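The file protein-v4.txt comes next; it holds compact mmCIF, C-alpha atoms.
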```
# COMPACT_ATOMS: atom_id res chain seq x y z
CA MET X 455 109.87 100.55 60.34
CA HIS X 456 106.33 99.87 59.12
CA GLY X 457 105.66 97.53 62.06
CA THR X 458 107.11 100.07 64.53
CA ALA X 459 104.99 102.85 63.08
CA SER X 460 101.85 100.70 63.25
CA PHE X 461 102.64 99.76 66.86
CA GLY X 462 103.18 103.38 67.85
CA GLU X 463 100.05 104.48 66.01
CA ALA X 464 97.99 101.79 67.74
CA ILE X 465 99.19 102.97 71.15
CA ARG X 466 98.40 106.60 70.27
CA VAL X 467 94.90 105.62 69.09
CA ALA X 468 94.32 103.64 72.31
CA MET X 469 95.45 106.53 74.53
CA ALA X 470 93.34 108.99 72.51
CA SER X 471 90.34 106.70 73.03
CA LEU X 472 91.00 106.69 76.79
CA ARG X 473 91.19 110.49 76.90
CA SER X 474 88.19 111.14 74.67
CA SER X 475 85.72 109.33 76.94
CA LYS X 476 87.10 109.24 80.47
CA LEU X 477 83.99 107.85 82.15
CA ARG X 478 83.57 105.08 79.58
CA SER X 479 87.27 104.27 79.83
CA PHE X 480 87.08 104.10 83.62
CA LEU X 481 84.06 101.80 83.55
CA THR X 482 85.75 99.69 80.86
CA LEU X 483 88.85 99.25 82.99
CA LEU X 484 87.12 98.97 86.39
CA GLY X 485 87.38 95.17 86.49
CA ILE X 486 91.08 95.25 85.56
CA ILE X 487 91.75 98.02 88.11
CA LEU X 488 90.03 96.11 90.92
CA ALA X 489 91.77 92.86 89.98
CA THR X 490 95.21 94.46 89.92
CA THR X 491 94.58 96.39 93.15
CA THR X 492 93.43 93.22 94.94
CA LEU X 493 96.37 91.21 93.65
CA ILE X 494 99.00 93.78 94.63
CA ALA X 495 97.37 94.58 97.99
CA VAL X 496 97.40 90.90 98.98
CA MET X 497 100.99 90.46 97.77
CA SER X 498 101.95 93.59 99.72
CA VAL X 499 100.45 92.26 102.95
CA ILE X 500 102.11 88.88 102.47
CA ASN X 501 105.44 90.52 101.63
CA GLY X 502 105.20 92.85 104.63
CA MET X 503 104.32 89.99 106.97
CA ASN X 504 107.19 87.94 105.57
CA VAL X 505 109.49 90.74 106.75
CA VAL X 506 107.84 90.70 110.20
CA ILE X 507 108.09 86.91 110.49
CA ALA X 508 111.75 87.05 109.40
CA THR X 509 112.36 89.69 112.08
CA GLN X 510 110.68 87.58 114.74
CA VAL X 511 112.69 84.54 113.67
CA SER X 512 115.84 86.65 113.68
CA ASP X 513 115.09 87.96 117.19
CA MET X 514 114.62 84.47 118.58
CA GLY X 515 117.34 82.96 116.43
CA ALA X 516 117.25 79.89 114.25
CA ASP X 517 117.95 77.76 117.34
CA GLY X 518 115.26 79.26 119.59
CA PHE X 519 111.97 77.69 120.64
CA TRP X 520 109.11 78.23 123.11
CA VAL X 521 107.13 76.06 125.52
CA ARG X 522 103.59 77.18 126.28
CA GLN X 523 100.49 75.76 127.95
CA TYR X 524 98.70 75.34 124.61
CA SER X 525 99.82 74.21 121.18
CA MET X 526 99.60 76.65 118.26
CA MET X 527 100.35 74.17 115.50
CA GLY X 528 97.97 73.13 112.72
CA GLN X 529 94.26 73.82 112.32
CA ILE X 530 92.77 73.87 115.83
CA SER X 531 89.00 73.42 115.91
CA PRO X 532 86.88 74.96 118.69
CA LYS X 533 86.34 71.45 120.08
CA LYS X 534 90.09 70.77 120.09
CA TRP X 535 90.74 74.12 121.78
CA GLN X 536 88.16 73.36 124.50
CA GLU X 537 89.80 69.97 125.04
CA MET X 538 93.24 71.60 125.43
CA MET X 539 91.84 74.12 127.91
CA ARG X 540 90.42 71.25 129.94
CA ARG X 541 93.41 68.90 129.93
CA ASN X 542 96.47 71.20 129.60
CA PRO X 543 97.64 72.29 133.08
CA PRO X 544 99.55 75.57 133.44
CA LEU X 545 103.33 75.42 133.29
CA LYS X 546 104.94 75.66 136.74
CA ARG X 547 108.21 76.96 138.09
CA GLU X 548 108.85 73.49 139.61
CA GLU X 549 108.79 72.07 136.08
CA TYR X 550 111.17 74.82 135.01
CA GLU X 551 113.64 73.85 137.73
CA PHE X 552 113.32 70.18 136.73
CA LEU X 553 113.97 70.99 133.07
CA LYS X 554 116.88 73.27 133.90
CA GLU X 555 118.51 70.48 135.89
CA HIS X 556 118.07 67.72 133.30
CA LEU X 557 118.27 69.36 129.85
CA THR X 558 121.55 68.65 128.04
CA LEU X 559 120.88 70.06 124.56
CA VAL X 560 119.75 73.53 125.66
CA ARG X 561 122.26 76.30 126.38
CA GLU X 562 119.75 78.84 127.69
CA LEU X 563 116.39 78.22 129.37
CA GLY X 564 114.33 81.21 130.44
CA MET X 565 110.99 81.70 132.09
CA GLU X 566 108.37 84.43 131.69
CA ALA X 567 104.94 85.40 132.97
CA SER X 568 102.77 88.33 131.96
CA ARG X 569 99.72 90.38 132.91
CA SER X 570 98.17 93.79 132.23
CA VAL X 571 98.98 96.61 134.64
CA THR X 572 98.56 100.35 135.11
CA VAL X 573 101.71 102.46 134.87
CA ARG X 574 101.94 105.95 136.33
CA TYR X 575 104.54 108.70 136.33
CA GLY X 576 103.66 111.95 138.03
CA ASN X 577 100.08 112.86 137.11
CA GLU X 578 99.98 110.74 133.94
CA ALA X 579 98.90 107.11 133.76
CA VAL X 580 98.65 104.38 131.10
CA ASP X 581 96.29 101.43 131.50
CA TRP X 582 96.46 97.95 129.96
CA VAL X 583 100.24 97.86 129.78
CA SER X 584 101.80 94.46 129.10
CA LEU X 585 104.02 93.65 132.08
CA SER X 586 106.32 90.64 131.74
CA GLY X 587 108.31 89.02 134.48
CA VAL X 588 111.31 87.37 132.83
CA THR X 589 114.59 85.73 133.74
CA PRO X 590 117.71 87.85 133.10
CA ASN X 591 118.88 85.55 130.29
CA THR X 592 115.87 86.72 128.26
CA ALA X 593 118.21 89.42 126.96
CA VAL X 594 120.24 86.66 125.29
CA ILE X 595 117.35 84.36 124.33
CA LYS X 596 115.28 87.10 122.64
CA ASN X 597 118.20 89.21 121.44
CA VAL X 598 116.97 92.21 123.43
CA GLN X 599 118.43 95.48 122.11
CA ALA X 600 118.66 98.49 124.44
CA ALA X 601 118.53 102.08 123.20
CA SER X 602 119.88 103.27 126.55
CA GLY X 603 120.77 101.66 129.85
CA ARG X 604 120.85 97.89 130.24
CA PHE X 605 118.84 94.79 131.06
CA PHE X 606 118.52 93.71 134.70
CA THR X 607 121.01 91.30 136.23
CA ASP X 608 120.92 87.89 137.98
CA SER X 609 121.69 89.63 141.26
CA GLU X 610 118.72 91.99 140.85
CA ASN X 611 116.51 89.00 140.04
CA ARG X 612 117.66 86.93 143.05
CA ARG X 613 117.20 89.90 145.38
CA ARG X 614 113.72 90.57 143.93
CA MET X 615 114.59 94.17 143.24
CA TYR X 616 112.05 96.65 141.88
CA VAL X 617 113.79 97.44 138.61
CA ALA X 618 112.23 97.76 135.15
CA TYR X 619 113.23 97.60 131.50
CA ILE X 620 110.72 99.69 129.51
CA GLY X 621 109.48 99.94 125.92
CA ASN X 622 109.96 103.09 123.86
CA ASP X 623 106.30 104.18 124.31
CA PHE X 624 106.98 105.07 127.94
CA LYS X 625 110.16 106.93 127.08
CA GLU X 626 108.21 109.04 124.58
CA LYS X 627 105.21 109.60 126.87
CA PHE X 628 106.86 110.20 130.24
CA PHE X 629 110.43 111.24 129.35
CA PRO X 630 110.41 112.82 125.87
CA GLU X 631 113.33 115.17 126.56
CA VAL X 632 115.42 113.26 129.13
CA ASP X 633 117.04 109.86 129.60
CA PRO X 634 114.64 107.81 131.75
CA VAL X 635 117.37 105.54 133.17
CA GLY X 636 117.42 106.04 136.93
CA LYS X 637 113.91 107.50 137.08
CA THR X 638 111.08 105.80 139.03
CA LEU X 639 107.75 104.57 137.62
CA GLN X 640 104.71 103.40 139.54
CA ILE X 641 103.54 99.94 138.38
CA ASP X 642 100.21 99.06 139.97
CA GLY X 643 101.16 101.54 142.70
CA LEU X 644 104.64 100.08 143.36
CA PRO X 645 107.84 102.07 142.65
CA PHE X 646 110.19 100.62 140.02
CA THR X 647 113.54 102.10 139.01
CA ILE X 648 114.15 102.15 135.24
CA VAL X 649 117.44 100.45 134.30
CA GLY X 650 117.03 100.34 130.51
CA VAL X 651 114.98 101.40 127.48
CA ALA X 652 114.36 99.11 124.49
CA LYS X 653 114.93 100.18 120.91
CA ALA X 654 111.72 101.30 119.17
CA GLN X 655 109.93 98.52 117.25
CA GLY X 656 106.94 100.45 115.84
CA THR X 657 103.40 99.11 115.37
CA LEU X 658 101.94 95.91 113.96
CA PHE X 659 98.29 95.70 112.84
CA GLY X 660 97.61 98.95 114.66
CA GLN X 661 99.06 97.70 117.95
CA SER X 662 102.20 99.23 119.41
CA ARG X 663 105.11 96.83 119.95
CA ASP X 664 106.71 99.29 122.39
CA ASN X 665 103.96 99.32 125.02
CA PHE X 666 105.63 96.87 127.40
CA ILE X 667 107.64 96.66 130.59
CA MET X 668 109.88 93.81 131.76
CA ILE X 669 110.78 93.17 135.39
CA PRO X 670 112.73 90.35 137.10
CA ILE X 671 110.68 87.15 137.26
CA GLU X 672 111.29 86.72 140.99
CA THR X 673 110.00 90.25 141.61
CA PHE X 674 106.93 89.36 139.50
CA PHE X 675 106.35 86.22 141.57
CA LYS X 676 106.73 88.20 144.80
CA ILE X 677 103.99 90.63 143.74
CA TYR X 678 101.59 88.50 141.67
CA GLY X 679 102.40 84.89 142.54
CA SER X 680 103.53 82.08 140.22
CA ARG X 681 100.47 79.93 139.69
CA SER X 682 99.44 80.80 136.13
CA GLY X 683 100.54 82.26 132.81
CA LEU X 684 104.07 80.87 132.77
CA GLY X 685 106.00 80.13 129.60
CA TYR X 686 109.51 78.86 128.89
CA ASN X 687 111.92 80.16 126.23
CA ALA X 688 114.93 78.14 125.17
CA LEU X 689 117.97 78.14 122.91
CA ALA X 690 119.39 74.86 121.62
CA ILE X 691 123.14 74.35 122.01
CA ASP X 692 123.41 74.87 118.24
CA GLN X 693 121.37 74.72 115.04
CA GLU X 694 122.32 71.10 114.38
CA HIS X 695 120.70 69.99 117.65
CA PHE X 696 117.62 72.19 117.31
CA LEU X 697 115.11 69.37 116.71
CA GLN X 698 116.79 67.08 119.22
CA ALA X 699 116.62 69.83 121.86
CA GLN X 700 112.87 70.21 121.30
CA GLU X 701 112.40 66.45 121.49
CA GLU X 702 114.41 66.29 124.71
CA MET X 703 112.24 69.05 126.16
CA ARG X 704 109.11 67.17 125.14
CA MET X 705 110.33 63.90 126.63
CA LEU X 706 111.27 65.48 129.97
CA LEU X 707 107.95 67.29 130.29
CA ARG X 708 106.06 64.08 129.52
CA VAL X 709 108.08 62.24 132.16
CA TYR X 710 107.49 64.97 134.74
CA ARG X 711 103.75 64.95 134.00
CA HIS X 712 103.56 61.11 133.97
CA LEU X 713 101.99 60.95 130.51
CA ARG X 714 101.50 57.47 129.08
CA PRO X 715 102.91 56.67 125.59
CA ASN X 716 99.45 56.75 123.98
CA GLU X 717 98.50 60.12 125.52
CA GLU X 718 98.87 63.38 123.62
CA ASP X 719 101.13 66.17 124.85
CA ASN X 720 99.29 68.48 127.23
CA PHE X 721 101.58 71.41 126.39
CA GLY X 722 102.87 73.11 123.25
CA ILE X 723 106.41 73.36 121.90
CA PHE X 724 107.13 75.47 118.86
CA GLY X 725 110.07 77.33 117.41
CA ALA X 726 110.99 79.72 114.65
CA ASP X 727 110.30 77.00 112.08
CA SER X 728 106.81 76.51 113.55
CA LEU X 729 106.13 80.23 113.25
CA VAL X 730 107.12 80.12 109.59
CA GLN X 731 104.99 77.00 109.03
CA ILE X 732 101.91 78.61 110.61
CA TRP X 733 102.39 81.71 108.46
CA GLN X 734 102.81 79.62 105.30
CA GLN X 735 99.54 77.81 106.04
CA LEU X 736 97.81 81.14 106.50
CA THR X 737 99.27 82.69 103.34
CA SER X 738 98.20 79.71 101.27
CA VAL X 739 94.59 80.33 102.34
CA ILE X 740 94.91 84.08 101.69
CA ALA X 741 96.52 83.47 98.29
CA ALA X 742 93.81 80.98 97.26
CA ALA X 743 91.07 83.48 98.15
CA ALA X 744 92.93 86.27 96.35
CA VAL X 745 93.34 84.15 93.20
CA ALA X 746 89.59 83.47 93.15
CA VAL X 747 88.69 87.16 93.53
CA VAL X 748 91.31 88.33 91.04
CA SER X 749 90.21 85.71 88.49
CA VAL X 750 86.60 86.91 88.63
CA PHE X 751 87.61 90.56 88.30
CA MET X 752 90.00 89.79 85.43
CA VAL X 753 87.41 87.80 83.48
CA VAL X 754 84.77 90.50 83.99
CA GLY X 755 87.29 93.17 82.97
CA GLY X 756 88.35 91.16 79.94
CA VAL X 757 84.78 90.63 78.76
CA VAL X 758 84.05 94.36 79.10
CA ILE X 759 87.18 95.20 77.08
CA MET X 760 86.14 92.70 74.40
CA ASN X 761 82.69 94.29 74.13
CA ILE X 762 84.16 97.78 73.95
CA MET X 763 86.61 96.69 71.26
CA LEU X 764 83.75 95.16 69.27
CA ALA X 765 81.96 98.50 69.49
CA VAL X 766 85.15 100.24 68.34
CA VAL X 767 85.39 97.91 65.35
CA THR X 768 81.81 98.81 64.40
CA GLU X 769 82.52 102.54 64.80
CA ARG X 770 85.65 102.35 62.67
CA THR X 771 84.43 99.97 59.95
CA HIS X 772 84.68 102.68 57.26
CA GLU X 773 88.21 103.60 58.41
CA ILE X 774 89.23 99.91 58.24
CA GLY X 775 87.85 99.74 54.68
CA ILE X 776 89.94 102.76 53.65
CA ARG X 777 93.09 101.28 55.21
CA LYS X 778 92.57 97.96 53.44
CA SER X 779 91.90 99.68 50.12
CA VAL X 780 95.26 101.47 50.30
CA GLY X 781 97.21 98.28 51.04
CA ALA X 782 96.87 97.49 54.74
CA ARG X 783 97.18 93.75 55.34
CA LYS X 784 95.04 91.63 57.65
CA GLN X 785 98.10 91.34 59.89
CA ASP X 786 98.32 95.14 60.21
CA ILE X 787 94.67 95.48 61.22
CA LEU X 788 94.94 92.52 63.61
CA SER X 789 98.06 93.95 65.25
CA GLN X 790 96.53 97.40 65.61
CA PHE X 791 93.46 96.18 67.50
CA LEU X 792 95.45 93.75 69.65
CA VAL X 793 97.82 96.56 70.64
CA GLU X 794 94.86 98.80 71.43
CA SER X 795 93.12 96.23 73.66
CA SER X 796 96.34 95.29 75.49
CA THR X 797 97.24 98.98 75.95
CA LEU X 798 93.80 99.65 77.43
CA ALA X 799 94.21 96.75 79.84
CA ALA X 800 97.78 97.78 80.72
CA ALA X 801 96.48 101.27 81.53
CA GLY X 802 93.98 99.65 83.89
CA GLY X 803 96.80 97.64 85.44
CA ILE X 804 98.87 100.79 86.02
CA MET X 805 95.86 102.50 87.62
CA GLY X 806 95.45 99.43 89.85
CA VAL X 807 99.11 99.63 90.86
CA LEU X 808 98.77 103.30 91.80
CA LEU X 809 95.58 102.61 93.77
CA ALA X 810 97.22 99.68 95.58
CA TRP X 811 100.23 101.87 96.43
CA VAL X 812 97.96 104.56 97.91
CA ILE X 813 96.07 101.92 99.93
CA ALA X 814 99.36 100.43 101.17
CA VAL X 815 100.65 103.82 102.34
CA VAL X 816 97.37 104.77 104.05
CA VAL X 817 96.90 101.39 105.75
CA ARG X 818 100.53 101.17 106.84
CA ASN X 819 100.48 104.66 108.37
CA THR X 820 97.02 104.52 109.97
CA ALA X 821 96.38 100.88 110.86
CA GLY X 822 99.97 99.72 111.26
CA VAL X 823 99.49 96.76 108.90
CA PRO X 824 102.92 95.92 107.47
CA MET X 825 102.27 96.37 103.73
CA GLU X 826 105.41 96.42 101.57
CA LEU X 827 104.87 96.87 97.81
CA PRO X 828 107.24 94.42 96.06
CA VAL X 829 108.50 95.21 92.55
CA SER X 830 107.53 91.68 91.49
CA ALA X 831 103.89 92.45 92.35
CA VAL X 832 103.93 95.52 90.10
CA ILE X 833 105.40 93.53 87.21
CA VAL X 834 102.93 90.67 87.71
CA GLY X 835 99.95 93.05 88.02
CA VAL X 836 100.68 95.10 84.90
CA GLY X 837 101.86 92.05 82.95
CA LEU X 838 98.75 90.02 83.78
CA SER X 839 96.49 92.94 82.86
CA THR X 840 98.23 93.28 79.50
CA VAL X 841 97.87 89.56 78.80
CA ILE X 842 94.15 89.71 79.67
CA GLY X 843 93.69 92.62 77.26
CA LEU X 844 95.59 90.75 74.57
CA PHE X 845 93.56 87.56 75.06
CA PHE X 846 90.14 89.22 75.08
CA GLY X 847 91.15 91.46 72.18
CA ILE X 848 91.75 88.53 69.83
CA TYR X 849 88.11 88.11 68.77
CA PRO X 850 87.47 91.82 68.00
CA ALA X 851 90.85 92.07 66.25
CA LYS X 852 90.11 89.04 64.06
CA ARG X 853 86.69 90.43 63.23
CA ALA X 854 88.25 93.74 62.16
CA ALA X 855 90.98 92.03 60.14
CA GLU X 856 88.49 89.84 58.24
CA LEU X 857 86.17 92.68 57.17
CA ASP X 858 85.59 92.85 53.45
CA PRO X 859 87.07 96.19 52.29
CA ILE X 860 84.23 96.89 49.82
CA GLU X 861 81.52 96.20 52.39
CA ALA X 862 83.47 98.23 54.95
CA LEU X 863 83.68 101.24 52.59
CA ARG X 864 79.92 101.11 52.08
CA SER X 865 79.27 101.56 55.79
CA GLU X 866 78.24 104.96 57.16
CA LYS X 867 81.07 107.19 58.27
```
Would you mind writing the file's structure down as structure tokens?
Amino acid sequence: MHGTASFGEAIRVAMASLRSSKLRSFLTLLGIILATTTLIAVMSVINGMNVVIATQVSDMGADGFWVRQYSMMGQISPKKWQEMMRRNPPLKREEYEFLKEHLTLVRELGMEASRSVTVRYGNEAVDWVSLSGVTPNTAVIKNVQAASGRFFTDSENRRRMYVAYIGNDFKEKFFPEVDPVGKTLQIDGLPFTIVGVAKAQGTLFGQSRDNFIMIPIETFFKIYGSRSGLGYNALAIDQEHFLQAQEEMRMLLRVYRHLRPNEEDNFGIFGADSLVQIWQQLTSVIAAAAVAVVSVFMVVGGVVIMNIMLAVVTERTHEIGIRKSVGARKQDILSQFLVESSTLAAAGGIMGVLLAWVIAVVVRNTAGVPMELPVSAVIVGVGLSTVIGLFFGIYPAKRAAELDPIEALRSEK
């Protein structure tokens, strides 16, 4: 009971100290607040992006991979990037036909090309719209989900029909009250009939993921040509043959391009696992930087708390003398000051959590950055703050506990 009472009393004294001098308390805890806010904000971004990456991987499937003109793997220096731009030729539809004929470990192979266009309906227009020409099996390869209507068919692709599958942005802008399926849009001045509307995907880093239009690849080639900007999307026959399917793709492309054994690939192949690997490399850099910043803030905050607690010990020397004279043990005094310092730091941690939550909400709603506040981040933030307060409170607590009661009683009240 005595220990419980002392613990409760120490917490009440710490909270009373916070309330009695709000500005001093805020300045005392500023380092802890900034450290906790930084830690939780970074963990929130990483957690939110983990969700996005998982969604992207889920959309493509664990057995999906891409072929592009340039590689995205590893740390690419400016010199390496310039070299790739010089030696990597664009992918061609002839290569696509060659791959389609010879691949044995791929169940679906699709092709896509993209460019920016202007879209108009009635008197309203939208510039810089991402238009993609894709093969009809893209619906399977990318797990395309329609809110209404459908994706275009092989027949529509072969016949080079002017049909379009639109993102939700255009449904909301041009057809807020009606179903757009069957309506006609102008894409760069050409009439396209809408056959389907994609499910809304929201924004990412402030950029809408619904500002797109897909049309049949053959229609795209008819209008814009097929000489640049091509990419291939593929699905392995199953997860067990995922790596073998990528290797088969690589081998066939090297054969088609007559690359010698000692020459590097002049194209890029990457799949869902590559996306995860790239993100893990990036998060390790972000986490390292965050640890450095948080460490500095925590140490500064801890030193400030230690100095404040030393001042508190000086202010309450007479009180400590009275407590010791009526039977308080060194352990009681030590515990009281340790509880006070850790409570102060924990309060700073809680303030940091609240500030990080506000930042996450504001950034997510205004900038579209996917920040998700994980419970583990809250526990780590408050727990770490408390430990810092406990650690930097040891010296002031020991100094208070070792005061001579007679000398302490002689001090000025």
Taking all atoms listed in the file into account, name the residue in X:Met825, X:Ala690, X:Leu684, X:Ala851 that is nearest to Gly502 (chain X).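 Result for the nearest residue to Gly502 (chain X): X:Met825.
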Choose the residue, out of X:Pro630, X:Gly587, X:Gly485, X:Pro850, that has the smallest atom-to-atom separation from Phe674 (chain X); count all atoms listed in the file.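 For Phe674 (chain X), the nearest of the given residues is X:Gly587.
Using only C-alpha atoms, the protein and nucleic acid residues lying no more than 10 Å from Lys627 (chain X), apart from those fewer than 4 places from it along its own chain, are Tyr575, Glu578, Ala579, Val580, Asn622, Asp623 and Glu631 of chain X.
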Distance query 6 Å from (109.5, 100.1, 132.9) using only C-alpha atoms, result as a PyMOL selection string: chain X and resi 618-620+648+667
Which residues come within 12 Å of Ser609 (chain X), counting all atoms listed in the file, excluding same-chain residues fewer than 4 positions away, as a PyMOL selection string? chain X and resi 589-590+605+613-617+670-673
Pick out the residues sitting within 9 Å of Met565 (chain X), and hand them over as a CSV table (one decimal) with C-alpha atoms, keeping the file's coordinate frame; count only C-alpha atoms, and ignore anything fewer than 2 positions along from it in its own chain.
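Writing the result to selection-v6.csv gives the following:
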```csv
chain,number,residue,atom,x,y,z
X,547,ARG,CA,108.2,77.0,138.1
X,550,TYR,CA,111.2,74.8,135.0
X,563,LEU,CA,116.4,78.2,129.4
X,567,ALA,CA,104.9,85.4,133.0
X,587,GLY,CA,108.3,89.0,134.5
X,588,VAL,CA,111.3,87.4,132.8
X,589,THR,CA,114.6,85.7,133.7
X,591,ASN,CA,118.9,85.6,130.3
X,592,THR,CA,115.9,86.7,128.3
X,671,ILE,CA,110.7,87.2,137.3
X,684,LEU,CA,104.1,80.9,132.8
X,685,GLY,CA,106.0,80.1,129.6
X,686,TYR,CA,109.5,78.9,128.9
X,687,ASN,CA,111.9,80.2,126.2
X,688,ALA,CA,114.9,78.1,125.2
```
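Residues surrounding region 741-751 of chain X within 8 Å are Gly485, Ile486, Leu488, Ala489, Thr490, Thr492, Leu493 and Val496 of chain X [all atoms listed in the file; sequence separation below 6 positions excluded].
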Find the distance between CA of Tyr710 (chain X) and CA of Lys534 (chain X) and write it in Å to one decimal.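 CA of Tyr710 (chain X) sits 23.5 Å away from CA of Lys534 (chain X).
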